[in-house]
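Trainee: Below is query.cif; it holds mmCIF, N, CA, C and O atoms and all ligand atoms.
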data_entry
loop_
_atom_site.label_atom_id
_atom_site.label_comp_id
_atom_site.auth_asym_id
_atom_site.auth_seq_id
_atom_site.Cartn_x
_atom_site.Cartn_y
_atom_site.Cartn_z
N MET I 14 -33.29 -65.66 16.48
CA MET I 14 -32.77 -64.93 17.64
C MET I 14 -32.90 -65.82 18.87
O MET I 14 -33.94 -66.41 19.09
N ALA I 15 -31.83 -65.88 19.64
CA ALA I 15 -31.87 -66.68 20.86
C ALA I 15 -32.96 -66.15 21.78
O ALA I 15 -33.36 -64.99 21.69
N ASP I 16 -33.45 -67.02 22.64
CA ASP I 16 -34.50 -66.61 23.55
C ASP I 16 -33.99 -65.52 24.49
O ASP I 16 -32.97 -65.68 25.15
N VAL I 17 -34.69 -64.43 24.50
CA VAL I 17 -34.40 -63.32 25.40
C VAL I 17 -35.72 -62.93 26.03
O VAL I 17 -36.75 -62.89 25.35
N ASP I 18 -35.72 -62.67 27.31
CA ASP I 18 -36.93 -62.25 28.00
C ASP I 18 -37.31 -60.86 27.51
O ASP I 18 -36.67 -59.87 27.86
N THR I 19 -38.33 -60.79 26.67
CA THR I 19 -38.70 -59.51 26.06
C THR I 19 -39.33 -58.53 27.04
O THR I 19 -39.54 -57.38 26.70
N SER I 20 -39.62 -58.99 28.26
CA SER I 20 -40.13 -58.07 29.27
C SER I 20 -39.01 -57.52 30.15
O SER I 20 -39.27 -56.79 31.10
N ALA I 21 -37.77 -57.86 29.82
CA ALA I 21 -36.63 -57.39 30.62
C ALA I 21 -36.56 -55.87 30.59
O ALA I 21 -37.01 -55.22 29.64
N SER I 22 -35.98 -55.31 31.62
CA SER I 22 -35.99 -53.86 31.79
C SER I 22 -34.92 -53.16 30.95
O SER I 22 -33.96 -53.79 30.47
N VAL I 23 -35.09 -51.84 30.82
CA VAL I 23 -34.07 -51.01 30.17
C VAL I 23 -32.74 -51.25 30.88
O VAL I 23 -32.69 -51.30 32.11
N GLY I 24 -31.69 -51.43 30.09
CA GLY I 24 -30.38 -51.70 30.68
C GLY I 24 -29.97 -53.15 30.55
O GLY I 24 -28.82 -53.49 30.83
N THR I 25 -30.88 -54.01 30.09
CA THR I 25 -30.54 -55.41 29.89
C THR I 25 -29.52 -55.55 28.76
O THR I 25 -29.70 -54.97 27.69
N VAL I 26 -28.46 -56.30 28.99
CA VAL I 26 -27.40 -56.54 28.00
C VAL I 26 -27.13 -58.04 28.01
O VAL I 26 -26.70 -58.58 29.03
N VAL I 27 -27.40 -58.73 26.89
CA VAL I 27 -27.21 -60.17 26.84
C VAL I 27 -26.55 -60.59 25.53
O VAL I 27 -26.76 -59.96 24.49
N SER I 28 -25.79 -61.66 25.59
CA SER I 28 -25.20 -62.23 24.39
C SER I 28 -26.24 -63.08 23.68
O SER I 28 -27.03 -63.76 24.32
N ALA I 29 -26.22 -63.04 22.34
CA ALA I 29 -27.20 -63.80 21.56
C ALA I 29 -26.60 -64.06 20.18
O ALA I 29 -25.42 -63.76 19.92
N GLU I 30 -27.40 -64.65 19.29
CA GLU I 30 -26.99 -64.86 17.91
C GLU I 30 -28.04 -64.25 16.99
O GLU I 30 -29.23 -64.31 17.27
N LEU I 31 -27.56 -63.67 15.89
CA LEU I 31 -28.45 -63.12 14.88
C LEU I 31 -27.91 -63.57 13.53
O LEU I 31 -26.76 -63.28 13.19
N ASP I 32 -28.72 -64.29 12.78
CA ASP I 32 -28.30 -64.84 11.49
C ASP I 32 -27.01 -65.65 11.65
O ASP I 32 -26.12 -65.61 10.80
N GLY I 33 -26.89 -66.38 12.77
CA GLY I 33 -25.75 -67.25 12.99
C GLY I 33 -24.50 -66.54 13.48
O GLY I 33 -23.47 -67.19 13.67
N LEU I 34 -24.58 -65.25 13.68
CA LEU I 34 -23.42 -64.49 14.15
C LEU I 34 -23.64 -64.01 15.57
O LEU I 34 -24.77 -63.65 15.94
N PRO I 35 -22.57 -63.96 16.36
CA PRO I 35 -22.73 -63.47 17.73
C PRO I 35 -23.02 -61.97 17.75
O PRO I 35 -22.41 -61.20 16.99
N VAL I 36 -23.95 -61.58 18.58
CA VAL I 36 -24.30 -60.17 18.77
C VAL I 36 -24.55 -59.94 20.26
O VAL I 36 -24.63 -60.90 21.03
N THR I 37 -24.67 -58.70 20.60
CA THR I 37 -25.14 -58.35 21.94
C THR I 37 -26.50 -57.69 21.77
O THR I 37 -26.66 -56.78 20.95
N VAL I 38 -27.47 -58.17 22.51
CA VAL I 38 -28.82 -57.64 22.47
C VAL I 38 -29.00 -56.73 23.68
O VAL I 38 -28.68 -57.12 24.80
N VAL I 39 -29.48 -55.53 23.41
CA VAL I 39 -29.57 -54.51 24.45
C VAL I 39 -30.95 -53.88 24.44
O VAL I 39 -31.50 -53.58 23.38
N ARG I 40 -31.50 -53.68 25.63
CA ARG I 40 -32.74 -52.91 25.73
C ARG I 40 -32.39 -51.50 26.19
O ARG I 40 -31.83 -51.30 27.26
N HIS I 41 -32.69 -50.52 25.33
CA HIS I 41 -32.51 -49.13 25.74
C HIS I 41 -33.89 -48.51 25.90
O HIS I 41 -34.92 -49.18 25.75
N GLU I 42 -33.90 -47.22 26.17
CA GLU I 42 -35.16 -46.56 26.49
C GLU I 42 -36.16 -46.62 25.34
O GLU I 42 -37.37 -46.58 25.56
N GLY I 43 -35.68 -46.73 24.10
CA GLY I 43 -36.57 -46.73 22.95
C GLY I 43 -36.91 -48.11 22.43
O GLY I 43 -37.65 -48.24 21.45
N GLY I 44 -36.38 -49.17 23.02
CA GLY I 44 -36.68 -50.52 22.55
C GLY I 44 -35.44 -51.39 22.55
O GLY I 44 -34.49 -51.15 23.29
N TRP I 45 -35.47 -52.41 21.70
CA TRP I 45 -34.38 -53.39 21.64
C TRP I 45 -33.52 -53.18 20.41
O TRP I 45 -34.04 -52.84 19.34
N VAL I 46 -32.21 -53.41 20.53
CA VAL I 46 -31.30 -53.40 19.39
C VAL I 46 -30.32 -54.56 19.53
O VAL I 46 -30.07 -55.06 20.62
N ALA I 47 -29.76 -54.96 18.38
CA ALA I 47 -28.63 -55.88 18.37
C ALA I 47 -27.42 -55.09 17.90
O ALA I 47 -27.50 -54.35 16.91
N VAL I 48 -26.32 -55.20 18.63
CA VAL I 48 -25.08 -54.51 18.25
C VAL I 48 -23.96 -55.54 18.16
O VAL I 48 -24.13 -56.70 18.55
N ASP I 49 -22.82 -55.11 17.63
CA ASP I 49 -21.65 -55.98 17.58
C ASP I 49 -21.43 -56.61 18.97
O ASP I 49 -21.67 -55.97 19.98
N ASP I 50 -20.95 -57.84 18.99
CA ASP I 50 -20.77 -58.48 20.30
C ASP I 50 -19.51 -58.02 21.00
O ASP I 50 -19.34 -58.25 22.18
N GLU I 51 -18.61 -57.35 20.24
CA GLU I 51 -17.36 -56.89 20.84
C GLU I 51 -17.20 -55.39 20.62
O GLU I 51 -17.58 -54.85 19.58
N CYS I 52 -16.62 -54.74 21.58
CA CYS I 52 -16.32 -53.31 21.48
C CYS I 52 -15.38 -53.06 20.31
O CYS I 52 -14.45 -53.85 20.05
N THR I 53 -15.57 -51.95 19.62
CA THR I 53 -14.72 -51.64 18.47
C THR I 53 -13.34 -51.14 18.87
O THR I 53 -12.48 -50.96 18.01
N HIS I 54 -13.09 -50.93 20.16
CA HIS I 54 -11.77 -50.49 20.59
C HIS I 54 -10.80 -51.66 20.67
O HIS I 54 -9.86 -51.73 19.89
N ALA I 55 -11.03 -52.58 21.59
CA ALA I 55 -10.09 -53.69 21.78
C ALA I 55 -10.82 -55.00 22.00
O ALA I 55 -10.29 -55.91 22.63
N ALA I 56 -12.05 -55.08 21.47
CA ALA I 56 -12.78 -56.34 21.39
C ALA I 56 -13.24 -56.93 22.71
O ALA I 56 -13.47 -58.13 22.80
N CYS I 57 -13.40 -56.14 23.74
CA CYS I 57 -14.01 -56.67 24.96
C CYS I 57 -15.47 -57.02 24.64
O CYS I 57 -16.15 -56.29 23.91
N PRO I 58 -15.96 -58.12 25.19
CA PRO I 58 -17.34 -58.53 24.90
C PRO I 58 -18.36 -57.72 25.70
O PRO I 58 -18.28 -57.64 26.92
N PHE I 59 -19.31 -57.13 24.98
CA PHE I 59 -20.32 -56.34 25.68
C PHE I 59 -21.17 -57.19 26.62
O PHE I 59 -21.69 -56.71 27.62
N GLY I 60 -21.33 -58.48 26.28
CA GLY I 60 -22.13 -59.35 27.14
C GLY I 60 -21.58 -59.42 28.55
O GLY I 60 -22.32 -59.62 29.51
N ALA I 61 -20.27 -59.24 28.70
CA ALA I 61 -19.64 -59.27 30.02
C ALA I 61 -19.29 -57.87 30.52
O ALA I 61 -19.33 -57.62 31.72
N ASP I 62 -18.95 -56.97 29.60
CA ASP I 62 -18.39 -55.68 30.00
C ASP I 62 -19.25 -54.48 29.62
O ASP I 62 -18.82 -53.35 29.81
N GLY I 63 -20.45 -54.74 29.08
CA GLY I 63 -21.29 -53.62 28.66
C GLY I 63 -22.27 -53.20 29.73
O GLY I 63 -22.75 -54.02 30.51
N GLU I 64 -22.58 -51.91 29.72
CA GLU I 64 -23.51 -51.36 30.71
C GLU I 64 -24.25 -50.19 30.06
O GLU I 64 -23.65 -49.39 29.36
N VAL I 65 -25.56 -50.11 30.30
CA VAL I 65 -26.37 -49.04 29.72
C VAL I 65 -26.62 -47.97 30.77
O VAL I 65 -26.91 -48.29 31.92
N PHE I 66 -26.49 -46.70 30.37
CA PHE I 66 -26.88 -45.62 31.27
C PHE I 66 -27.48 -44.48 30.46
O PHE I 66 -27.36 -44.44 29.23
N ASP I 67 -28.12 -43.57 31.12
CA ASP I 67 -28.79 -42.43 30.49
C ASP I 67 -29.75 -42.86 29.37
O ASP I 67 -30.00 -42.10 28.43
N GLY I 68 -30.28 -44.04 29.46
CA GLY I 68 -31.32 -44.49 28.54
C GLY I 68 -30.83 -45.01 27.21
O GLY I 68 -31.34 -45.99 26.69
N TYR I 69 -29.79 -44.37 26.64
CA TYR I 69 -29.36 -44.72 25.27
C TYR I 69 -27.85 -44.91 25.12
O TYR I 69 -27.37 -45.01 24.00
N VAL I 70 -27.12 -44.95 26.21
CA VAL I 70 -25.67 -45.01 26.11
C VAL I 70 -25.19 -46.39 26.55
O VAL I 70 -25.52 -46.86 27.63
N LEU I 71 -24.41 -47.04 25.67
CA LEU I 71 -23.78 -48.31 26.02
C LEU I 71 -22.32 -48.02 26.35
O LEU I 71 -21.57 -47.51 25.50
N ALA I 72 -21.93 -48.32 27.56
CA ALA I 72 -20.54 -48.12 27.99
C ALA I 72 -19.81 -49.45 27.97
O ALA I 72 -20.39 -50.49 28.30
N CYS I 73 -18.58 -49.41 27.56
CA CYS I 73 -17.70 -50.59 27.65
C CYS I 73 -16.83 -50.39 28.87
O CYS I 73 -16.05 -49.43 28.94
N ASN I 74 -16.96 -51.28 29.82
CA ASN I 74 -16.24 -51.11 31.08
C ASN I 74 -14.78 -51.50 31.01
O ASN I 74 -14.06 -51.38 31.99
N CYS I 75 -14.31 -51.97 29.84
CA CYS I 75 -12.87 -52.28 29.73
C CYS I 75 -12.02 -51.01 29.80
O CYS I 75 -11.10 -50.93 30.60
N HIS I 76 -12.34 -50.03 28.94
CA HIS I 76 -11.53 -48.81 28.90
C HIS I 76 -12.39 -47.55 28.84
O HIS I 76 -11.89 -46.47 28.60
N GLY I 77 -13.70 -47.70 28.98
CA GLY I 77 -14.56 -46.54 29.13
C GLY I 77 -15.18 -45.97 27.87
O GLY I 77 -15.77 -44.89 27.91
N SER I 78 -15.08 -46.63 26.74
CA SER I 78 -15.74 -46.11 25.54
C SER I 78 -17.24 -46.10 25.73
O SER I 78 -17.80 -46.93 26.44
N GLU I 79 -17.91 -45.15 25.05
CA GLU I 79 -19.36 -45.03 25.13
C GLU I 79 -19.93 -44.87 23.73
O GLU I 79 -19.35 -44.18 22.88
N PHE I 80 -21.08 -45.50 23.50
CA PHE I 80 -21.71 -45.53 22.18
C PHE I 80 -23.19 -45.17 22.33
O PHE I 80 -23.84 -45.55 23.30
N ASP I 81 -23.72 -44.46 21.31
CA ASP I 81 -25.14 -44.16 21.26
C ASP I 81 -25.86 -45.38 20.68
O ASP I 81 -25.59 -45.78 19.54
N LEU I 82 -26.76 -45.96 21.46
CA LEU I 82 -27.45 -47.18 21.02
C LEU I 82 -28.46 -46.94 19.91
O LEU I 82 -28.94 -47.88 19.30
N ARG I 83 -28.79 -45.70 19.63
CA ARG I 83 -29.72 -45.41 18.52
C ARG I 83 -29.00 -45.38 17.19
O ARG I 83 -29.59 -45.69 16.15
N THR I 84 -27.72 -45.01 17.20
CA THR I 84 -27.00 -44.82 15.95
C THR I 84 -25.71 -45.62 15.86
O THR I 84 -25.18 -45.81 14.77
N GLY I 85 -25.18 -46.04 16.98
CA GLY I 85 -23.88 -46.70 17.03
C GLY I 85 -22.72 -45.74 17.16
O GLY I 85 -21.58 -46.15 17.36
N GLU I 86 -23.01 -44.45 17.07
CA GLU I 86 -21.97 -43.42 17.11
C GLU I 86 -21.14 -43.51 18.40
O GLU I 86 -21.68 -43.76 19.48
N VAL I 87 -19.84 -43.27 18.25
CA VAL I 87 -18.97 -43.19 19.41
C VAL I 87 -19.21 -41.86 20.11
O VAL I 87 -19.13 -40.79 19.50
N LEU I 88 -19.53 -41.92 21.41
CA LEU I 88 -19.74 -40.71 22.20
C LEU I 88 -18.51 -40.35 23.01
O LEU I 88 -18.29 -39.19 23.34
N LEU I 89 -17.73 -41.39 23.35
CA LEU I 89 -16.53 -41.18 24.15
C LEU I 89 -15.53 -42.28 23.81
O LEU I 89 -15.90 -43.46 23.79
N GLY I 90 -14.28 -41.88 23.53
CA GLY I 90 -13.24 -42.86 23.22
C GLY I 90 -12.74 -43.56 24.46
O GLY I 90 -13.25 -43.33 25.53
N PRO I 91 -11.78 -44.44 24.28
CA PRO I 91 -10.82 -44.53 23.18
C PRO I 91 -11.34 -45.15 21.88
O PRO I 91 -10.65 -45.08 20.86
N ALA I 92 -12.49 -45.80 21.85
CA ALA I 92 -12.99 -46.35 20.58
C ALA I 92 -13.11 -45.22 19.55
O ALA I 92 -13.46 -44.08 19.89
N GLU I 93 -12.82 -45.55 18.30
CA GLU I 93 -12.93 -44.55 17.22
C GLU I 93 -13.95 -44.96 16.17
O GLU I 93 -14.41 -44.14 15.40
N ARG I 94 -14.29 -46.26 16.15
CA ARG I 94 -15.19 -46.78 15.12
C ARG I 94 -16.56 -47.06 15.72
O ARG I 94 -16.68 -47.64 16.80
N ALA I 95 -17.61 -46.65 14.99
CA ALA I 95 -18.99 -46.83 15.46
C ALA I 95 -19.37 -48.30 15.51
O ALA I 95 -18.77 -49.15 14.83
N LEU I 96 -20.39 -48.59 16.30
CA LEU I 96 -20.97 -49.93 16.35
C LEU I 96 -22.00 -50.08 15.23
O LEU I 96 -22.63 -49.10 14.82
N THR I 97 -22.20 -51.30 14.78
CA THR I 97 -23.32 -51.60 13.91
C THR I 97 -24.54 -51.84 14.80
O THR I 97 -24.47 -52.64 15.74
N VAL I 98 -25.63 -51.15 14.52
CA VAL I 98 -26.85 -51.25 15.32
C VAL I 98 -27.99 -51.73 14.43
O VAL I 98 -28.26 -51.15 13.39
N ARG I 99 -28.64 -52.81 14.85
CA ARG I 99 -29.83 -53.31 14.13
C ARG I 99 -31.03 -53.24 15.06
O ARG I 99 -31.06 -53.93 16.09
N PRO I 100 -32.01 -52.43 14.71
CA PRO I 100 -33.22 -52.36 15.55
C PRO I 100 -33.96 -53.70 15.56
O PRO I 100 -34.05 -54.37 14.53
N LEU I 101 -34.46 -54.06 16.72
CA LEU I 101 -35.24 -55.28 16.89
C LEU I 101 -36.66 -54.92 17.31
O LEU I 101 -36.90 -53.82 17.81
N ALA I 102 -37.55 -55.85 17.12
CA ALA I 102 -38.94 -55.66 17.55
C ALA I 102 -39.40 -56.95 18.21
O ALA I 102 -38.83 -58.03 17.99
N VAL I 103 -40.45 -56.83 19.00
CA VAL I 103 -41.05 -58.00 19.63
C VAL I 103 -42.19 -58.48 18.75
O VAL I 103 -43.11 -57.73 18.44
N LEU I 104 -42.10 -59.73 18.31
CA LEU I 104 -43.14 -60.32 17.48
C LEU I 104 -43.52 -61.66 18.09
O LEU I 104 -42.67 -62.56 18.18
N GLU I 105 -44.75 -61.78 18.52
CA GLU I 105 -45.24 -63.00 19.16
C GLU I 105 -44.32 -63.42 20.31
O GLU I 105 -43.98 -64.60 20.45
N GLY I 106 -43.89 -62.44 21.07
CA GLY I 106 -43.10 -62.73 22.27
C GLY I 106 -41.63 -62.99 22.03
O GLY I 106 -40.90 -63.31 22.96
N ARG I 107 -41.18 -62.83 20.77
CA ARG I 107 -39.76 -63.08 20.47
C ARG I 107 -39.17 -61.85 19.80
O ARG I 107 -39.87 -61.09 19.13
N LEU I 108 -37.86 -61.70 19.95
CA LEU I 108 -37.18 -60.60 19.29
C LEU I 108 -36.84 -60.98 17.86
O LEU I 108 -36.31 -62.07 17.62
N VAL I 109 -37.14 -60.08 16.94
CA VAL I 109 -36.82 -60.28 15.53
C VAL I 109 -36.26 -58.97 14.99
O VAL I 109 -36.45 -57.91 15.57
N VAL I 110 -35.55 -59.06 13.87
CA VAL I 110 -35.08 -57.84 13.23
C VAL I 110 -36.31 -57.02 12.86
O VAL I 110 -37.29 -57.55 12.32
N ALA I 111 -36.27 -55.74 13.18
CA ALA I 111 -37.44 -54.89 13.05
C ALA I 111 -37.97 -54.87 11.62
O ALA I 111 -37.23 -54.70 10.67
N ASP I 112 -39.28 -55.04 11.50
CA ASP I 112 -40.00 -54.95 10.25
C ASP I 112 -41.15 -54.00 10.53
O ASP I 112 -41.99 -54.28 11.37
N VAL I 113 -41.17 -52.88 9.84
CA VAL I 113 -42.13 -51.84 10.19
C VAL I 113 -43.58 -52.27 10.07
O VAL I 113 -44.46 -51.67 10.64
N ASP I 114 -43.87 -53.36 9.34
CA ASP I 114 -45.25 -53.75 9.12
C ASP I 114 -45.78 -54.71 10.18
O ASP I 114 -46.98 -54.83 10.34
N ALA I 115 -44.93 -55.46 10.85
CA ALA I 115 -45.43 -56.53 11.70
C ALA I 115 -44.78 -56.52 13.06
O ALA I 115 -44.19 -57.48 13.49
N THR I 116 -44.87 -55.38 13.72
CA THR I 116 -44.21 -55.31 15.03
C THR I 116 -45.14 -54.81 16.10
O THR I 116 -46.13 -54.15 15.82
N GLU I 117 -44.80 -55.16 17.30
CA GLU I 117 -45.44 -54.59 18.47
C GLU I 117 -44.32 -54.10 19.35
O GLU I 117 -43.32 -54.76 19.51
N ARG I 118 -44.44 -52.91 19.87
CA ARG I 118 -43.39 -52.34 20.71
C ARG I 118 -43.49 -52.90 22.12
O ARG I 118 -44.57 -53.10 22.61
N PRO I 119 -42.33 -53.13 22.73
CA PRO I 119 -42.37 -53.64 24.11
C PRO I 119 -42.90 -52.59 25.06
O PRO I 119 -42.89 -51.43 24.78
S1 LIG P 201 -12.38 -52.62 24.61
FE1 LIG P 201 -14.07 -51.30 24.96
S2 LIG P 201 -13.17 -49.45 25.57
FE2 LIG P 201 -11.50 -50.73 25.18
#
What do you get writing this file as structure tokens?
Mentor:
Amino acid sequence: MADVDTSASVGTVVSAELDGLPVTVVRHEGGWVAVDDECTHAACPFGADGEVFDGYVLACNCHGSEFDLRTGEVLLGPAERALTVRPLAVLEGRLVVADVDATERP
């Protein structure tokens, strides 16, 4: 995982790589997740056009779609397809794909 400041505040949205693939890393109220790097509506990049509000909602500022960062579910269209969401954890100061046995919560 690319270096991300793990002390960053809720609402942080940054572009990164996970397993060699581009993702968007987001801090929501419950922790960190990696989601698709592009909106499922028309592929706007969340790294540039994404914004978090209400603790768990990722909005795409291109056309206004909204997604639940806990599940990937579409909350508001025009997007119709859910995001892929991978929970992350902080391990020794770095973000890693969540492993229930070896994590510390931010
Ligand atoms: S590309 Fe995200 S809402 Fe259209």
Trainee: With distances taken over all atoms listed in the file, which of I:Val39, I:Val65, I:Val70, I:Val26 is nearest to I:Leu101?
Mentor: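 Of the candidates, the smallest distance to I:Leu101 is held by I:Val39.
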Trainee: Residues of chain I that have any atom at most 5 Å from an atom of ligand LIG 201 (chain P): could you tabulate them with the shortest-distance atom pair and the distance in Å to one decimal, using only N, CA, C and O atoms and all ligand atoms, ordered by chain and increasing number, as a tab-separated table?
Mentor:
residue	atom	partner	partner_atom	distance
I:Cys52	CA	P:LIG201	FE1	4.6
I:His54	C	P:LIG201	S1	4.4
I:Ala55	N	P:LIG201	S1	3.3
I:Ala56	N	P:LIG201	S1	4.0
I:Cys57	N	P:LIG201	S1	3.8
I:Cys73	O	P:LIG201	S2	4.4
I:Cys75	C	P:LIG201	S2	4.7
I:His76	N	P:LIG201	S2	3.5
I:Gly77	N	P:LIG201	S2	3.9
I:Ser78	N	P:LIG201	S2	3.6
Trainee: Take atom CA of I:Thr25 and atom C of I:Ala92 and report the distance between them in Å, one decimal.
Mentor: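 Atom C of I:Ala92 lies at a distance of 22.7 Å from atom CA of I:Thr25.
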Trainee: Put a box with edges along x, y and z around all the listed atoms of stretch 57-66 of chain I, pad it by 6 Å on each side, then give me its centre and sizes in Å, one decimal, as AutoDock Vina command-line options.
Mentor:
--center_x -20.4 --center_y -52.0 --center_z 27.8 --size_x 26.1 --size_y 27.2 --size_z 20.2
Trainee: Please measure the separation of atom CA of I:Glu93 and atom N of I:Val23, giving the value in Å to one decimal.
Mentor: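 Between atom CA of I:Glu93 and atom N of I:Val23 the gap is 27.0 Å.
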Trainee: Within 9 Å of I:Thr19, counting only C-alpha atoms, which residues show up once you throw out same-chain ones fewer than 4 positions away? Write them as a compact mmCIF listing (two decimals) with N, CA, C and O atoms, keeping the file's coordinate frame, please.
Mentor:
# COMPACT_ATOMS: atom_id res chain seq x y z
N ARG I 40 -31.50 -53.68 25.63
CA ARG I 40 -32.74 -52.91 25.73
C ARG I 40 -32.39 -51.50 26.19
O ARG I 40 -31.83 -51.30 27.26
N TRP I 45 -35.47 -52.41 21.70
CA TRP I 45 -34.38 -53.39 21.64
C TRP I 45 -33.52 -53.18 20.41
O TRP I 45 -34.04 -52.84 19.34
N VAL I 103 -40.45 -56.83 19.00
CA VAL I 103 -41.05 -58.00 19.63
C VAL I 103 -42.19 -58.48 18.75
O VAL I 103 -43.11 -57.73 18.44
N GLY I 106 -43.89 -62.44 21.07
CA GLY I 106 -43.10 -62.73 22.27
C GLY I 106 -41.63 -62.99 22.03
O GLY I 106 -40.90 -63.31 22.96
N ARG I 107 -41.18 -62.83 20.77
CA ARG I 107 -39.76 -63.08 20.47
C ARG I 107 -39.17 -61.85 19.80
O ARG I 107 -39.87 -61.09 19.13
N LEU I 108 -37.86 -61.70 19.95
CA LEU I 108 -37.18 -60.60 19.29
C LEU I 108 -36.84 -60.98 17.86
O LEU I 108 -36.31 -62.07 17.62
N PRO I 119 -42.33 -53.13 22.73
CA PRO I 119 -42.37 -53.64 24.11
C PRO I 119 -42.90 -52.59 25.06
O PRO I 119 -42.89 -51.43 24.78
Trainee: Please identify which residues in stretch 20-113 of chain I DSSP calls strand (DSSP E) from the backbone, and express them as number ranges by chain.
Mentor: I: 26-31, 34-41, 44-49, 63-66, 70-73, 79-81, 87-89, 98-104, 107-110
Trainee: For I:Leu31, which of I:Arg99, I:Leu89, I:Ala61, I:Glu105 is the closest residue, counting only C-alpha atoms?
Mentor: I:Arg99
Trainee: Any idea what the distance is between atom O of I:Asp67 and atom N of I:Leu34?
Mentor: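 Those two atoms sit 28.0 Å apart.
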Trainee: Rank nothing, just name the residue among I:Leu88, I:Asn74, I:Val27, I:Ser22 nearest to I:Ala47, using only N, CA, C and O atoms.
Mentor: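 Using only N, CA, C and O atoms, I:Ala47 sits closest to I:Val27.
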Trainee: Using all atoms listed in the file, which of the listed residues (I:Leu96, I:Val36, I:Asp50, I:Val17) sits closest to I:Gly63?
Mentor: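 Closest candidate: I:Asp50.
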Trainee: Which residue out of I:Thr53, I:Thr84, I:Ser28, I:Ser20 has the minimum interatomic distance to I:Val98 when all atoms listed in the file are used?
Mentor: I:Thr84
Trainee: Find, counting only C-alpha atoms, the residue in I:Val109, I:Ala72, I:Glu64, I:Ala29 that gets nearest to I:Pro91.
Mentor: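 Smallest distance to I:Pro91 is found for I:Ala72.
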Trainee: If you run DSSP on the backbone here, which positions in chain I get helix (DSSP H, G or I)? Please write them as a list in words.
Mentor: Phe59, Gly60, Ala61 and Asp62 of chain I
Trainee: Since the input lacks atoms, please generate all heavy atoms for stretch 20-25 of chain I and provide them as a compact mmCIF listing (two decimals), in the frame of the given file.
Mentor:
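Contents of out.txt, freshly written:
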# COMPACT_ATOMS: atom_id res chain seq x y z
N SER I 20 -39.62 -58.99 28.26
CA SER I 20 -40.13 -58.07 29.27
C SER I 20 -39.01 -57.52 30.15
O SER I 20 -39.27 -56.79 31.10
CB SER I 20 -41.19 -58.77 30.13
OG SER I 20 -40.58 -59.79 30.89
N ALA I 21 -37.77 -57.86 29.82
CA ALA I 21 -36.63 -57.39 30.62
C ALA I 21 -36.56 -55.87 30.59
O ALA I 21 -37.01 -55.22 29.64
CB ALA I 21 -35.33 -57.99 30.09
N SER I 22 -35.98 -55.31 31.62
CA SER I 22 -35.99 -53.86 31.79
C SER I 22 -34.92 -53.16 30.95
O SER I 22 -33.96 -53.79 30.47
CB SER I 22 -35.78 -53.53 33.27
OG SER I 22 -34.55 -54.04 33.69
N VAL I 23 -35.09 -51.84 30.82
CA VAL I 23 -34.07 -51.01 30.17
C VAL I 23 -32.74 -51.25 30.88
O VAL I 23 -32.69 -51.30 32.11
CB VAL I 23 -34.47 -49.53 30.24
CG1 VAL I 23 -33.32 -48.63 29.79
CG2 VAL I 23 -35.71 -49.28 29.39
N GLY I 24 -31.69 -51.43 30.09
CA GLY I 24 -30.38 -51.70 30.68
C GLY I 24 -29.97 -53.15 30.55
O GLY I 24 -28.82 -53.49 30.83
N THR I 25 -30.88 -54.01 30.09
CA THR I 25 -30.54 -55.41 29.89
C THR I 25 -29.52 -55.55 28.76
O THR I 25 -29.70 -54.97 27.69
CB THR I 25 -31.81 -56.22 29.56
OG1 THR I 25 -32.70 -56.13 30.68
CG2 THR I 25 -31.48 -57.67 29.28
